[in-house]
Structure formats: structure tokens, C-alpha cells
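Contents: one structure, followed by commentary.
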Amino acid sequence: MRDLPKVELHLHLEGAAPPALIRDMARRARIDIGGIFDAEGNYAFRDFAHFLKVYEAATSVLTTPDAYYRLTRAVLGESAQNGVIYTEAFLSPDFCGGADLHEWRDHLAAIATAAAEAEAEDGIAMRAIVTCIRHFGPEQARATALCAAETAGDFVTGFGIAGAETVHAPRDFAYAFDMAREAGLGITAHAGEWAGPESVRAALADLRPARIGHGVRAIEDPRLVEELAERGTVLEVCPGSNIALGLYPRWRDHPIGHFHDRGLRVTVSTDDPPFFRTSMRREYDRLADAFGWDEGVFTTLARTAAEAAFCDDATRARILKRLDKPHD
Ligand code: ADE
Ligand code: ZN
């Protein structure tokens, strides 16, 4: 089961940076990123707000297109080792040159080159979801959406929002999302992770996403769960992330079990794997232990992810074929 082909829809590129790579880059660039590691060299943080600070400190060493090239190769190599055959990575122009279109194009080109090499050498396909950062505010999000719209195409296929759910409201970002939608990008939004079910309702109403990042706190509102089932909204669920950040105490308490039983379109992702000491293999193992899920369930989850992927139909057909014949 651990070797089943996997489809991941929710992975932050910077959040997947191996700590050793970040340390190496910091040393070479003589950047002091402070005490963001524990004694074993892993990322260390106390809570969600601190996690975002540590995340941004680590990201601050990624200052050139070449750094993003190295990062992308490392991240995709690791994902491929975990059996991931297709992944969608969140990219933030805010971190790639400050959402300046020229800088962004250079960073994106380096990331796309690394992705093409990984596809040829590691057998993993990647698409990019350009992501604005909620706590950077709606104005910055418009600059980010412009970067997304200007580079939308075969590689940049989606637009989303991440960051602190406790500031601003989804409707403040409607303009940015409309621009991205006009450019033909698939839409996803982080909601129902740190804020409650009302944040999922607001994201659905004001941003009209096909997918919700996390969405787990919808479980607190049974009518919303019904609505998600009826709408067929896909949830990008990241159980290990939620558990590491203290949302749920144990794997068997995680809402994904109920969502799956209720027939919601759920998928499994890692979010920021080294931060949460997880991997797609570990997610599968823990879910199998907690809910008794077998190969059939995991194949259904991967098929749901392939169906909801922001990619062209030929790519989707290729992924589905690999899922149908996992042992080929
Ligand atoms: N950015 C990276 N990981 C995130 C998460 N889990 N929630 C919101 N923003 C993020
Ligand atoms: Zn996320």
C-alpha cells in the first residue's frame, strides 16, 4: 500500500524545503535565519502563528531563481520517492521576487525547468498553483493574481490563497480571484483550518473555488457537510499537518474519516512535509491504522484527486491510467 501511486494536490513548495537545504543556502549566502531549528535540525515552532514565522524565515534564504531550481528538484525527488506521480505545488510570487512580474517570470522559468527534468528523470508530473498570502493583504494579492494571470498556461494552472485565516475576509480577495478565473485558472482556497465552518461558507460564496484547502472544520456544521457533499466540492485534506499543529489530538479523531464515510470528495496531501515530519507514505500508513482503510480506499482518494487536478485532459487520462494499473 505504501508503494501505491499517489496524487497530491496540496503542497507548498517552500514548505516542503528540506531543513538541510535551507541551512546550506543560509550558510552560503551568510544569512542569519535565527533559531528556527531544534537540536536534531528539524524546523521548530510552537503554534500556527509561530509556524508561519518560521516558514517565512526559512523562505527568506530562497533569494534567486537558482535557489528555486534546487528547491524544486529536491522537493519533487522526495515526492517521487514516496510514490507521488502527480503533484500540484503552491508557488508564491510574494516570495519569488516580491510579486514583481519580471522577477516572477525568472523564478517561474527556473521552477518549470526543474519540474520538466523531474518529470523525465523521476517520473513525477507537476503543475503550479499561484498563491496569494492572506496576511499580506488584498492589494498585494492583486499583484500576485496579475503574476498568475500573465503566466497562466500549461504549467501554471491554478490560483489560491494561503496564510493566516484570522485576518481579512475572503470577499476582500474577490477581485484577485476574479482576475485569476478570467485567465482560466482553477480555483482553490485555504479555509476551515484555523477558522471555523463560517470561513468555509465565506470562501465558497465569495471566491467560488472548485476545491477547499483543508476545510476540516466544516465538521462543526452538519448542514455545511451536506452542502459540500451536494456541491461536490473537493477537500484537500492534510491530516498530518492538522495533527502536528494541534487541531486534533489523535489520527482517529480527524474528520477525514467521517467525511469519507459521508461520501465527500476527499483527497490526502502533506501541506508542508518536513515541518510536520510527514510524507505521503506516512499519511497513508497513519490513515490505514486509524480507519482501517485498504488499497481500494486509497485508490479512490487518488482517483478523486486526479479528477479534481488542475491539468489538461490528456495529463489527467495518463494519471488515471497509472492509478488503474499500479503494479505495471
Ligand atoms: N502556508 C503554508 N502552510 C500553510 C497552512 N497549513 N495554512 C495556511 N497557510 C499555509
Ligand atoms: Zn496549505
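So you can find residues: chains in the C-alpha cells are A, B, ... in the order shown, residues in each start at 1, and ligands are numbered from 1 in order.
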Env of A:Ala58: 9 Å cut, atoms = only C-alpha atoms, seq-sep filter 6 positions within chain, self excluded. Answer as a VMD selection string. chain A and resid 14 to 15 17 19 22 to 23 26 33 36 43
File dump, residues just selected, N, CA and C atoms, as a CSV table (one decimal), in the first residue's frame:
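That gives us selection27.csv:
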```csv
chain,number,residue,atom,x,y,z
A,14,GLU,N,7.8,26.1,-0.8
A,14,GLU,CA,8.7,26.5,0.2
A,14,GLU,C,8.5,25.6,1.5
A,15,GLY,N,7.3,25.3,1.8
A,15,GLY,CA,7.0,24.5,3.0
A,15,GLY,C,7.5,23.1,2.9
A,17,ALA,N,10.6,22.5,1.8
A,17,ALA,CA,12.1,22.6,1.7
A,17,ALA,C,12.8,21.8,2.8
A,19,PRO,N,15.2,20.9,5.6
A,19,PRO,CA,15.9,21.8,6.5
A,19,PRO,C,17.4,21.9,6.1
A,22,ILE,N,17.9,24.4,3.4
A,22,ILE,CA,17.8,25.8,3.9
A,22,ILE,C,19.0,26.2,4.6
A,23,ARG,N,19.5,25.3,5.5
A,23,ARG,CA,20.7,25.6,6.3
A,23,ARG,C,21.9,25.9,5.3
A,26,ALA,N,21.5,29.2,3.6
A,26,ALA,CA,21.7,30.3,4.6
A,26,ALA,C,23.2,30.5,4.8
A,33,ILE,N,19.2,33.2,9.9
A,33,ILE,CA,17.8,33.0,9.9
A,33,ILE,C,17.3,32.7,11.4
A,36,ILE,N,15.6,28.6,14.1
A,36,ILE,CA,14.3,28.0,13.6
A,36,ILE,C,14.4,26.5,13.6
A,43,TYR,N,12.7,21.7,11.7
A,43,TYR,CA,12.1,23.0,12.0
A,43,TYR,C,11.4,22.9,13.3
```
Excluding A:Gly153 and residues on its chain fewer than 5 positions from it, collect all residues at most 9 Å away from it, counting only C-alpha atoms, and give them as JSON, numbers by chain. {"A": [183, 184, 185]}
Let's have the selection written as a PDB file, in the first residue's frame, with N, CA and C atoms.
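Below you can see again-v2.pdb, which holds the result:
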```pdb
ATOM      1  N   ALA A 183      -8.493  34.355 -16.298  1.00  0.00           N
ATOM      2  CA  ALA A 183      -7.320  33.839 -17.006  1.00  0.00           C
ATOM      3  C   ALA A 183      -7.400  32.325 -17.205  1.00  0.00           C
ATOM      4  N   GLY A 184      -8.489  31.725 -16.743  1.00  0.00           N
ATOM      5  CA  GLY A 184      -8.703  30.293 -16.972  1.00  0.00           C
ATOM      6  C   GLY A 184      -8.097  29.390 -15.913  1.00  0.00           C
ATOM      7  N   LEU A 185      -7.704  29.970 -14.780  1.00  0.00           N
ATOM      8  CA  LEU A 185      -7.051  29.165 -13.739  1.00  0.00           C
ATOM      9  C   LEU A 185      -8.073  28.450 -12.850  1.00  0.00           C
TER      10      LEU A 185
END
```
Listing only residues of chain A within 10 Å of ligand 1, what is the closest atom pair and its distance in Å (to one decimal) for each, using only C-alpha atoms and all ligand atoms, sorted by chain and residue number ascending, as a Markdown table?
```
| residue | atom | partner | partner_atom_place_in_ligand_line | distance |
| --- | --- | --- | --- | --- |
| A:His10 | CA | ligand 1 | 3 (N) | 9.3 |
| A:Leu11 | CA | ligand 1 | 3 (N) | 8.1 |
| A:His12 | CA | ligand 1 | 2 (C) | 5.9 |
| A:Leu13 | CA | ligand 1 | 2 (C) | 8.8 |
| A:Glu14 | CA | ligand 1 | 2 (C) | 8.1 |
| A:Gly15 | CA | ligand 1 | 2 (C) | 5.9 |
| A:Ala16 | CA | ligand 1 | 2 (C) | 9.2 |
| A:Phe48 | CA | ligand 1 | 7 (N) | 8.1 |
| A:Ala49 | CA | ligand 1 | 8 (C) | 9.7 |
| A:Phe51 | CA | ligand 1 | 3 (N) | 8.3 |
| A:Leu52 | CA | ligand 1 | 1 (N) | 6.8 |
| A:Tyr55 | CA | ligand 1 | 2 (C) | 7.4 |
| A:Glu56 | CA | ligand 1 | 1 (N) | 9.3 |
| A:Phe90 | CA | ligand 1 | 2 (C) | 8.8 |
| A:Ser92 | CA | ligand 1 | 1 (N) | 9.8 |
| A:Thr131 | CA | ligand 1 | 1 (N) | 9.4 |
| A:Cys132 | CA | ligand 1 | 9 (N) | 9.9 |
| A:Ile133 | CA | ligand 1 | 9 (N) | 7.6 |
| A:Arg134 | CA | ligand 1 | 9 (N) | 8.3 |
| A:His135 | CA | ligand 1 | 9 (N) | 9.5 |
| A:Ile161 | CA | ligand 1 | 9 (N) | 7.9 |
| A:Ala162 | CA | ligand 1 | 9 (N) | 4.1 |
| A:Gly163 | CA | ligand 1 | 9 (N) | 3.6 |
| A:Ala164 | CA | ligand 1 | 8 (C) | 5.8 |
| A:Glu165 | CA | ligand 1 | 8 (C) | 7.1 |
| A:Ala189 | CA | ligand 1 | 8 (C) | 9.7 |
| A:His190 | CA | ligand 1 | 8 (C) | 6.5 |
| A:Ala191 | CA | ligand 1 | 8 (C) | 8.4 |
| A:Gly192 | CA | ligand 1 | 7 (N) | 9.8 |
| A:Glu193 | CA | ligand 1 | 7 (N) | 7.0 |
| A:Trp194 | CA | ligand 1 | 7 (N) | 7.8 |
| A:Gly213 | CA | ligand 1 | 7 (N) | 8.3 |
| A:His214 | CA | ligand 1 | 6 (N) | 8.0 |
| A:Cys238 | CA | ligand 1 | 6 (N) | 8.2 |
| A:Ser241 | CA | ligand 1 | 6 (N) | 6.7 |
| A:Asn242 | CA | ligand 1 | 6 (N) | 7.7 |
| A:Leu245 | CA | ligand 1 | 6 (N) | 8.5 |
| A:Thr270 | CA | ligand 1 | 6 (N) | 9.3 |
| A:Asp271 | CA | ligand 1 | 3 (N) | 5.9 |
| A:Asp272 | CA | ligand 1 | 3 (N) | 5.9 |
| A:Pro273 | CA | ligand 1 | 3 (N) | 9.6 |
| A:Phe275 | CA | ligand 1 | 3 (N) | 9.1 |
| A:Phe276 | CA | ligand 1 | 6 (N) | 9.8 |
```
List every residue of stretch 203-264 of chain A that has an atom at most 12 Å from any atom of stretch 300-307 of chain A, and for each one report the closest atom pair and its distance in Å to one decimal, counting only C-alpha atoms, with rows sorted by chain and then by increasing residue number, as CSV.
```
residue,atom,partner,partner_atom,distance
A:Ala210,CA,A:Glu307,CA,11.5
A:Arg211,CA,A:Ala305,CA,10.3
A:Gly232,CA,A:Thr304,CA,10.6
A:Thr233,CA,A:Thr304,CA,10.9
A:Val234,CA,A:Thr304,CA,8.0
A:Leu235,CA,A:Ala305,CA,9.2
A:Glu236,CA,A:Ala305,CA,8.4
A:Val237,CA,A:Leu301,CA,10.6
A:Ile256,CA,A:Leu301,CA,11.2
A:Phe259,CA,A:Leu301,CA,11.8
A:His260,CA,A:Leu301,CA,9.1
A:Gly263,CA,A:Leu301,CA,11.1
A:Leu264,CA,A:Thr304,CA,10.1
```
Taking the chain letters and numbering used in this document, name the residues of stretch 192-323 of chain A that DSSP puts in strand (DSSP E), as a list in words.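 For stretch 192-323 of chain A, the strand (DSSP E) set is Arg211, Ile212, Gly213, His214, Val234, Leu235, Glu236, Val237, Arg265, Val266, Thr267 and Val268 of chain A.
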What's the 9 Å shell around stretch 114-124 of chain A, counting only C-alpha atoms, without same-chain residues fewer than 6 positions away, as a list in words?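 Using only C-alpha atoms, the neighbours found are Tyr68, Tyr69, Arg70, Leu71, Thr72, Arg73, Leu76, Gly77, Ser79, Ala80, Gln81, Gly83, Val84, Ile85, Tyr86 and Thr87 of chain A.
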For a quick check of understanding, using only C-alpha atoms, which of A:Val156, A:Ala20, A:Ala141, A:Ala203 has the smallest distance to A:Met179?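 Once distances to A:Met179 are computed over only C-alpha atoms, the minimum belongs to A:Ala141.
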Take atom CA of A:Arg322 and atom CA of A:Glu78 and report the distance between them in Å, one decimal. 19.2 Å
Given only C-alpha atoms as the counted atoms, nearest of A:Asp172, A:Asp66, A:Glu150, A:Asp47 to A:Ala99: A:Glu150
Distance query A:Arg252 at most 10 Å, only C-alpha atoms, self and fewer than 2 positions along chain excluded, as JSON, numbers by chain: {"A": [248, 249, 250, 254, 255, 256, 257, 286, 287, 289, 290, 291]}
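When only C-alpha atoms and all ligand atoms are used to measure the gap to ligand 2, the shortest distance among A:Pro170, A:Gly34, A:Pro209, A:Gly160 belongs to A:Gly160.
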Which of these, A:Glu295, A:Asp38, A:Glu220, A:Glu8, has the shortest distance to ligand 2 once you count only C-alpha atoms and all ligand atoms? A:Glu8
Distance criterion (only C-alpha atoms and all ligand atoms): nearest to ligand 2 out of A:Ala180, A:Val268, A:Leu224, A:Ala229: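 Among the listed residues, the smallest separation from ligand 2 belongs to A:Val268.
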If DSSP is run on the backbone, what residues of stretch 138-328 of chain A are alpha helix (DSSP H)? A reply as number ranges by chain would be ideal. A: 138-151, 174-182, 197-207, 222-231, 239-244, 256-262, 280-291, 295-308, 313-324
